[in-house]
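**Q** What follows is final-v8.cif; its format and atoms are mmCIF, C-alpha atoms.
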data_coords
loop_
_atom_site.label_atom_id
_atom_site.label_comp_id
_atom_site.auth_asym_id
_atom_site.auth_seq_id
_atom_site.Cartn_x
_atom_site.Cartn_y
_atom_site.Cartn_z
CA MET A 1 149.79 80.61 81.08
CA GLU A 2 151.12 78.36 78.29
CA LYS A 3 154.06 80.79 77.84
CA ILE A 4 154.88 80.48 81.55
CA ALA A 5 154.93 76.69 81.29
CA VAL A 6 157.26 76.80 78.29
CA LEU A 7 159.55 79.27 80.11
CA VAL A 8 159.74 77.01 83.16
CA LEU A 9 160.57 74.09 80.88
CA VAL A 10 163.39 76.00 79.17
CA LEU A 11 164.83 77.19 82.48
CA GLY A 12 164.72 73.61 83.74
CA CYS A 13 166.77 72.46 80.78
CA CYS A 14 169.33 75.19 81.39
CA PHE A 15 169.68 74.28 85.08
CA CYS A 16 170.04 70.63 84.20
CA ALA A 17 172.81 71.40 81.71
CA ALA A 18 174.68 73.60 84.21
CA ASP A 19 174.38 70.99 86.96
CA SER A 20 175.64 68.33 84.62
CA ASN A 21 178.75 70.33 83.73
CA GLU A 22 179.64 71.06 87.36
CA LYS A 23 179.52 67.43 88.43
CA GLY A 24 181.80 66.42 85.56
CA GLY A 25 179.34 63.99 84.22
CA GLN A 26 179.00 61.93 87.48
CA ASN A 27 175.53 60.42 87.70
CA SER A 28 174.51 63.09 85.22
CA GLY A 29 172.21 60.87 83.25
CA SER A 30 169.89 59.83 86.08
CA THR A 31 169.91 63.23 87.85
CA SER A 32 169.16 65.21 84.72
CA SER A 33 166.43 62.81 83.78
CA CYS A 34 164.83 63.11 87.25
CA ASP A 35 165.01 66.90 87.26
CA MET A 36 163.60 67.06 83.77
CA CYS A 37 160.64 64.91 84.76
CA SER A 38 159.96 67.10 87.80
CA LEU A 39 160.14 70.29 85.81
CA THR A 40 157.94 68.86 83.10
CA THR A 41 155.35 67.89 85.71
CA ILE A 42 155.50 71.36 87.24
CA ALA A 43 155.11 72.93 83.81
CA LEU A 44 152.09 70.77 83.05
CA ASN A 45 150.53 71.59 86.41
CA VAL A 46 151.12 75.29 85.87
CA GLY A 47 149.52 75.03 82.44
CA ALA A 48 146.47 73.22 83.83
CA LEU A 49 146.20 75.77 86.63
CA GLY A 50 146.43 78.58 84.12
CA GLU A 51 143.60 77.07 82.09
CA LYS A 52 141.43 76.82 85.21
CA VAL A 53 142.16 80.44 86.10
CA ALA A 54 141.24 81.51 82.56
CA ASN A 55 137.95 79.60 82.81
CA MET A 56 137.21 81.16 86.18
CA ALA A 57 137.92 84.61 84.73
CA ASP A 58 135.44 83.94 81.92
CA LYS A 59 132.82 82.83 84.44
CA ILE A 60 133.40 85.93 86.58
CA THR A 61 133.01 88.15 83.51
CA PHE A 62 129.77 86.36 82.63
CA LEU A 63 128.41 86.76 86.18
CA GLU A 64 129.36 90.44 86.26
CA THR A 65 127.49 91.02 82.98
CA LYS A 66 124.49 89.11 84.28
CA LEU A 67 124.51 91.16 87.50
CA GLN A 68 124.62 94.40 85.53
CA ASN A 69 121.64 93.27 83.45
CA THR A 70 119.77 92.30 86.60
CA ASP A 71 120.45 95.71 88.17
CA ARG A 72 119.15 97.39 85.02
CA GLU A 73 115.97 95.29 85.07
CA VAL A 74 115.42 96.14 88.74
CA LEU A 75 115.74 99.85 88.01
CA GLU A 76 113.28 99.57 85.11
CA LEU A 77 110.83 97.66 87.30
CA ARG A 78 111.12 100.27 90.05
CA SER A 79 110.42 103.04 87.55
CA LEU A 80 107.32 101.20 86.33
CA ILE A 81 105.97 100.42 89.80
CA GLY A 82 107.06 103.21 92.05
CA GLY A 83 108.70 105.89 89.94
CA THR A 84 105.74 106.82 87.72
CA PRO A 85 102.56 108.23 89.32
CA GLN A 86 99.54 105.98 88.86
CA VAL A 87 96.43 107.95 87.92
CA ALA A 88 93.34 106.31 86.39
CA PHE A 89 89.59 106.36 86.96
CA SER A 90 86.37 105.09 85.44
CA ALA A 91 82.79 105.77 86.54
CA ALA A 92 79.19 105.40 85.42
CA LEU A 93 76.43 107.96 85.87
CA ARG A 94 74.05 106.10 88.19
CA ASP A 95 74.87 103.94 91.20
CA SER A 96 71.21 102.80 91.40
CA GLY A 97 67.80 103.33 89.82
CA SER A 98 66.93 104.44 86.29
CA GLY A 99 65.48 107.42 84.44
CA ASP A 100 66.39 110.78 82.95
CA ILE A 101 68.98 113.12 84.45
CA GLY A 102 68.16 116.75 83.71
CA PRO A 103 67.06 119.06 82.31
CA PHE A 104 68.73 121.91 84.22
CA THR A 105 68.31 125.59 83.50
CA THR A 106 72.09 126.04 83.25
CA ALA A 107 74.91 123.86 81.97
CA THR A 108 75.82 121.43 84.75
CA PRO A 109 78.71 118.95 85.25
CA LEU A 110 77.42 115.39 85.31
CA LYS A 111 78.17 113.52 88.53
CA TYR A 112 79.24 109.98 87.69
CA LYS A 113 78.55 108.23 90.98
CA LYS A 114 79.23 104.55 90.29
CA ILE A 115 83.00 104.19 90.66
CA PHE A 116 84.71 101.34 88.82
CA SER A 117 88.21 102.56 89.69
CA ASN A 118 89.85 105.71 91.01
CA TYR A 119 93.61 105.29 91.31
CA GLY A 120 95.18 108.44 92.67
CA ASP A 121 91.79 109.72 93.94
CA CYS A 122 91.77 112.49 91.34
CA TYR A 123 88.11 112.05 90.39
CA ASN A 124 85.45 113.40 92.76
CA PRO A 125 82.04 111.68 92.39
CA SER A 126 80.41 114.41 94.49
CA THR A 127 81.20 117.04 91.86
CA GLY A 128 81.88 114.96 88.74
CA ILE A 129 85.20 116.77 88.32
CA PHE A 130 88.64 115.25 87.70
CA THR A 131 91.46 117.37 89.15
CA ALA A 132 95.03 116.70 88.01
CA THR A 133 97.56 116.16 90.80
CA VAL A 134 100.35 115.36 88.34
CA SER A 135 101.38 117.38 85.28
CA GLY A 136 101.28 115.20 82.18
CA VAL A 137 99.40 114.04 79.12
CA TYR A 138 96.04 112.36 79.81
CA PHE A 139 93.47 110.36 77.88
CA PHE A 140 89.76 110.95 78.54
CA ARG A 141 86.70 109.20 77.13
CA PHE A 142 82.99 109.66 77.79
CA SER A 143 79.79 108.13 76.45
CA MET A 144 76.18 109.37 76.28
CA PHE A 145 72.80 107.66 76.02
CA ASN A 146 69.94 109.87 74.83
CA ASN A 147 66.62 110.31 76.58
CA LEU A 148 63.96 107.79 75.57
CA SER A 149 61.03 110.21 75.24
CA PRO A 150 59.66 112.45 74.01
CA THR A 151 62.04 113.75 71.29
CA PRO A 152 65.79 113.11 71.71
CA ASN A 153 67.27 116.11 73.45
CA SER A 154 70.75 115.16 74.65
CA VAL A 155 73.97 117.20 74.46
CA VAL A 156 77.07 116.62 76.61
CA VAL A 157 80.47 118.31 76.32
CA LEU A 158 83.92 117.39 77.63
CA LYS A 159 85.47 120.47 79.23
CA LYS A 160 88.88 121.49 80.57
CA ASN A 161 88.85 124.45 82.95
CA GLY A 162 85.60 125.65 81.37
CA GLU A 163 86.89 125.27 77.79
CA SER A 164 84.88 122.99 75.47
CA LEU A 165 86.92 120.16 73.95
CA THR A 166 84.65 117.54 72.36
CA SER A 167 80.93 116.73 72.47
CA VAL A 168 78.27 114.10 71.82
CA TRP A 169 74.72 115.02 70.96
CA ASP A 170 71.37 113.72 69.68
CA THR A 171 68.62 116.29 69.28
CA SER A 172 66.57 115.05 66.34
CA GLY A 173 64.96 111.96 64.90
CA THR A 174 62.17 109.63 65.87
CA ASP A 175 64.29 106.65 66.88
CA ILE A 176 65.29 105.89 70.45
CA ASN A 177 68.10 104.10 72.30
CA ASP A 178 70.82 106.09 70.56
CA MET A 179 74.20 106.54 72.17
CA GLY A 180 77.61 107.87 71.22
CA SER A 181 81.06 108.53 72.66
CA ASN A 182 84.02 110.80 72.18
CA ALA A 183 87.58 111.11 73.50
CA ALA A 184 90.57 113.42 73.74
CA VAL A 185 94.26 113.35 74.63
CA ILE A 186 95.23 116.57 76.40
CA PRO A 187 98.04 118.04 78.51
CA LEU A 188 97.19 118.98 82.10
CA LYS A 189 99.11 120.76 84.80
CA VAL A 190 98.54 120.33 88.51
CA GLY A 191 95.16 121.81 89.47
CA ASP A 192 93.54 121.62 86.02
CA ASN A 193 89.93 120.37 85.99
CA VAL A 194 88.24 118.08 83.46
CA TYR A 195 84.55 117.15 83.49
CA VAL A 196 81.57 116.25 81.29
CA GLU A 197 78.92 118.94 81.17
CA LEU A 198 75.24 118.43 80.40
CA GLN A 199 74.10 121.45 78.44
CA ALA A 200 71.22 123.67 79.59
CA ASN A 201 67.72 122.26 79.05
CA ARG A 202 69.13 118.90 77.88
CA LEU A 203 68.85 115.45 79.45
CA VAL A 204 70.27 111.94 79.28
CA PHE A 205 68.94 108.54 80.29
CA ASP A 206 70.64 105.82 82.28
CA ASP A 207 69.88 102.65 84.25
CA ALA A 208 71.73 99.56 85.49
CA GLY A 209 73.20 99.16 82.00
CA ASN A 210 75.63 102.02 82.73
CA TYR A 211 75.42 103.60 79.28
CA ASN A 212 76.87 106.94 80.37
CA THR A 213 80.48 106.65 81.49
CA PHE A 214 83.44 108.93 82.13
CA SER A 215 87.00 107.56 82.18
CA GLY A 216 90.55 108.85 82.06
CA PHE A 217 94.13 108.02 82.86
CA LEU A 218 97.66 109.44 82.82
CA LEU A 219 99.66 108.50 79.74
CA PHE A 220 102.98 110.02 80.81
CA THR A 221 104.31 112.88 82.91
CA ILE A 222 105.71 116.10 81.43
CA LEU A 223 107.10 119.37 82.68
CA LEU A 224 104.64 122.11 81.76
CA VAL A 225 106.03 125.64 81.65
CA GLU A 226 103.55 128.47 81.75
CA VAL A 227 103.91 130.73 78.70
CA ARG A 228 103.51 134.37 79.60
CA SER A 229 102.69 137.22 77.26
CA PRO A 230 105.26 139.99 76.75
CA GLU A 231 102.98 142.35 78.69
CA SER A 232 102.82 140.05 81.72
CA LYS A 233 106.58 139.48 81.61
CA ALA A 234 107.14 143.24 81.60
CA ALA A 235 104.75 143.67 84.50
CA ILE A 236 106.56 140.99 86.50
CA GLN A 237 109.98 142.47 85.75
CA GLY A 238 108.73 145.97 86.61
#
Mind converting the file's structure to structure tokens?

**A**
Amino acid sequence: MEKIAVLVLVLGCCFCAADSNEKGGQNSGSTSSCDMCSLTTIALNVGALGEKVANMADKITFLETKLQNTDREVLELRSLIGGTPQVAFSAALRDSGSGDIGPFTTATPLKYKKIFSNYGDCYNPSTGIFTATVSGVYFFRFSMFNNLSPTPNSVVVLKKNGESLTSVWDTSGTDINDMGSNAAVIPLKVGDNVYVELQANRLVFDDAGNYNTFSGFLLFTILLVEVRSPESKAAIQG
């Protein structure tokens, strides 16, 4: 914009000189002076206008950048709130009363009936089984409180589709009020089951203190691809 103002000023001088020559010098002094003042004023106004336009352009650039950042934040917020499945649960063994649970003649999933939370409704308190509705990596934790009498005889195991993962046990000693916990981070695909199993002829104790708990939640989603053996691949292709 400053270059435009200078150009207008130069052109004004040229016009003034030409006009002065044509009129043979008549009233040239006052006319040229007047024209020069007008052109100078125009040049200054153009320069000021150019500066304002430049400032407005800077502000528009700033607002566009701010808008882009806002759009990015909105997308991130949507992914956190609505884009990622929300799966989490936590439950305690008893919803009322106190005493031993077990023993059973066969290994039996423990039914944690007191629900603290169950986002996604993946945990079933009627069976004690968590069923994945989203493929991903999950965290699970469980705790156990041993029976108070006679001799400690408590063994529980975290299982995935019947496969033993981790365990907590107390089957010896003369002390009472022992408890322990364990945890695992595992991948699950849709339909996989996870539960805590009380082993055959074992028992645990619980009351309003909620010593025995089972909790889990989705860490992040993944795409799980089933790996087939060469024999199964050949059978499918055949």

**Q** What are the nearest atom pairs, with distances in Å to one decimal, for all residues of range 108-166 of chain A that come at most 6 Å from range 201-213 of chain A, using only C-alpha atoms, set out by chain and rising residue number as JSON lines?

**A**
{"residue": "A:Phe142", "atom": "CA", "partner": "A:Thr213", "partner_atom": "CA", "distance": 5.4}
{"residue": "A:Ser143", "atom": "CA", "partner": "A:Asn212", "partner_atom": "CA", "distance": 5.0}
{"residue": "A:Met144", "atom": "CA", "partner": "A:Asn212", "partner_atom": "CA", "distance": 4.8}
{"residue": "A:Phe145", "atom": "CA", "partner": "A:Phe205", "partner_atom": "CA", "distance": 5.8}
{"residue": "A:Asn146", "atom": "CA", "partner": "A:Val204", "partner_atom": "CA", "distance": 4.9}
{"residue": "A:Asn147", "atom": "CA", "partner": "A:Phe205", "partner_atom": "CA", "distance": 4.7}
{"residue": "A:Asn153", "atom": "CA", "partner": "A:Arg202", "partner_atom": "CA", "distance": 5.6}
{"residue": "A:Ser154", "atom": "CA", "partner": "A:Leu203", "partner_atom": "CA", "distance": 5.2}

**Q** Run the PyMOL selection byres ((chain A and resi 194) around 6) on the file and write out the hits as a list in words.

**A** Ile129, Phe130, Lys159, Lys160, Asn193 and Tyr195 of chain A

**Q** Identify which of the residues A:Ile115, A:Val185, A:Ile42, A:Ala48 lies closest to Gly128 in chain A, counting only C-alpha atoms when measuring atom-to-atom distances.

**A**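 For Gly128 in chain A, the nearest of the given residues is A:Ile115.
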
**Q** Do you know which residues are at most 10 Å from Asn182 in chain A counting all atoms listed in the file, after dropping those on the same chain fewer than 3 positions away, and could you put them as a PDB file with C-alpha atoms, keeping the file's coordinate frame?

**A**
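What ended up in selection.pdb:
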ATOM      1  CA  PHE A 140      89.760 110.950  78.540  1.00  0.00           C
ATOM      2  CA  ARG A 141      86.700 109.200  77.130  1.00  0.00           C
ATOM      3  CA  PHE A 142      82.990 109.660  77.790  1.00  0.00           C
ATOM      4  CA  SER A 143      79.790 108.130  76.450  1.00  0.00           C
ATOM      5  CA  MET A 144      76.180 109.370  76.280  1.00  0.00           C
ATOM      6  CA  VAL A 157      80.470 118.310  76.320  1.00  0.00           C
ATOM      7  CA  LEU A 158      83.920 117.390  77.630  1.00  0.00           C
ATOM      8  CA  LEU A 165      86.920 120.160  73.950  1.00  0.00           C
ATOM      9  CA  THR A 166      84.650 117.540  72.360  1.00  0.00           C
ATOM     10  CA  SER A 167      80.930 116.730  72.470  1.00  0.00           C
ATOM     11  CA  VAL A 168      78.270 114.100  71.820  1.00  0.00           C
TER      12      VAL A 168
END

**Q** Grab the CA of Pro109 in chain A to CA of Leu198 in chain A distance for me, in Å with one decimal place.

**A** 6.0 Å

**Q** Measuring atom to atom with only C-alpha atoms, identify which of A:Trp169, A:Phe220, A:Phe139, A:Phe214 is nearest to Leu93 in chain A.

**A**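 Among the listed residues, the smallest separation from Leu93 in chain A belongs to A:Phe214.
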
**Q** What separation in Å, quoted to one decimal, exists between CA of Lys114 in chain A and CA of Ser126 in chain A?

**A**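 Separation of CA of Lys114 in chain A and CA of Ser126 in chain A: 10.8 Å.
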
**Q** List, as a PyMOL selection string, every residue that the PyMOL selection byres ((chain A and resi 217) around 7) selects in the file provided.

**A** chain A and resi 87-89+138-140+216+218-219
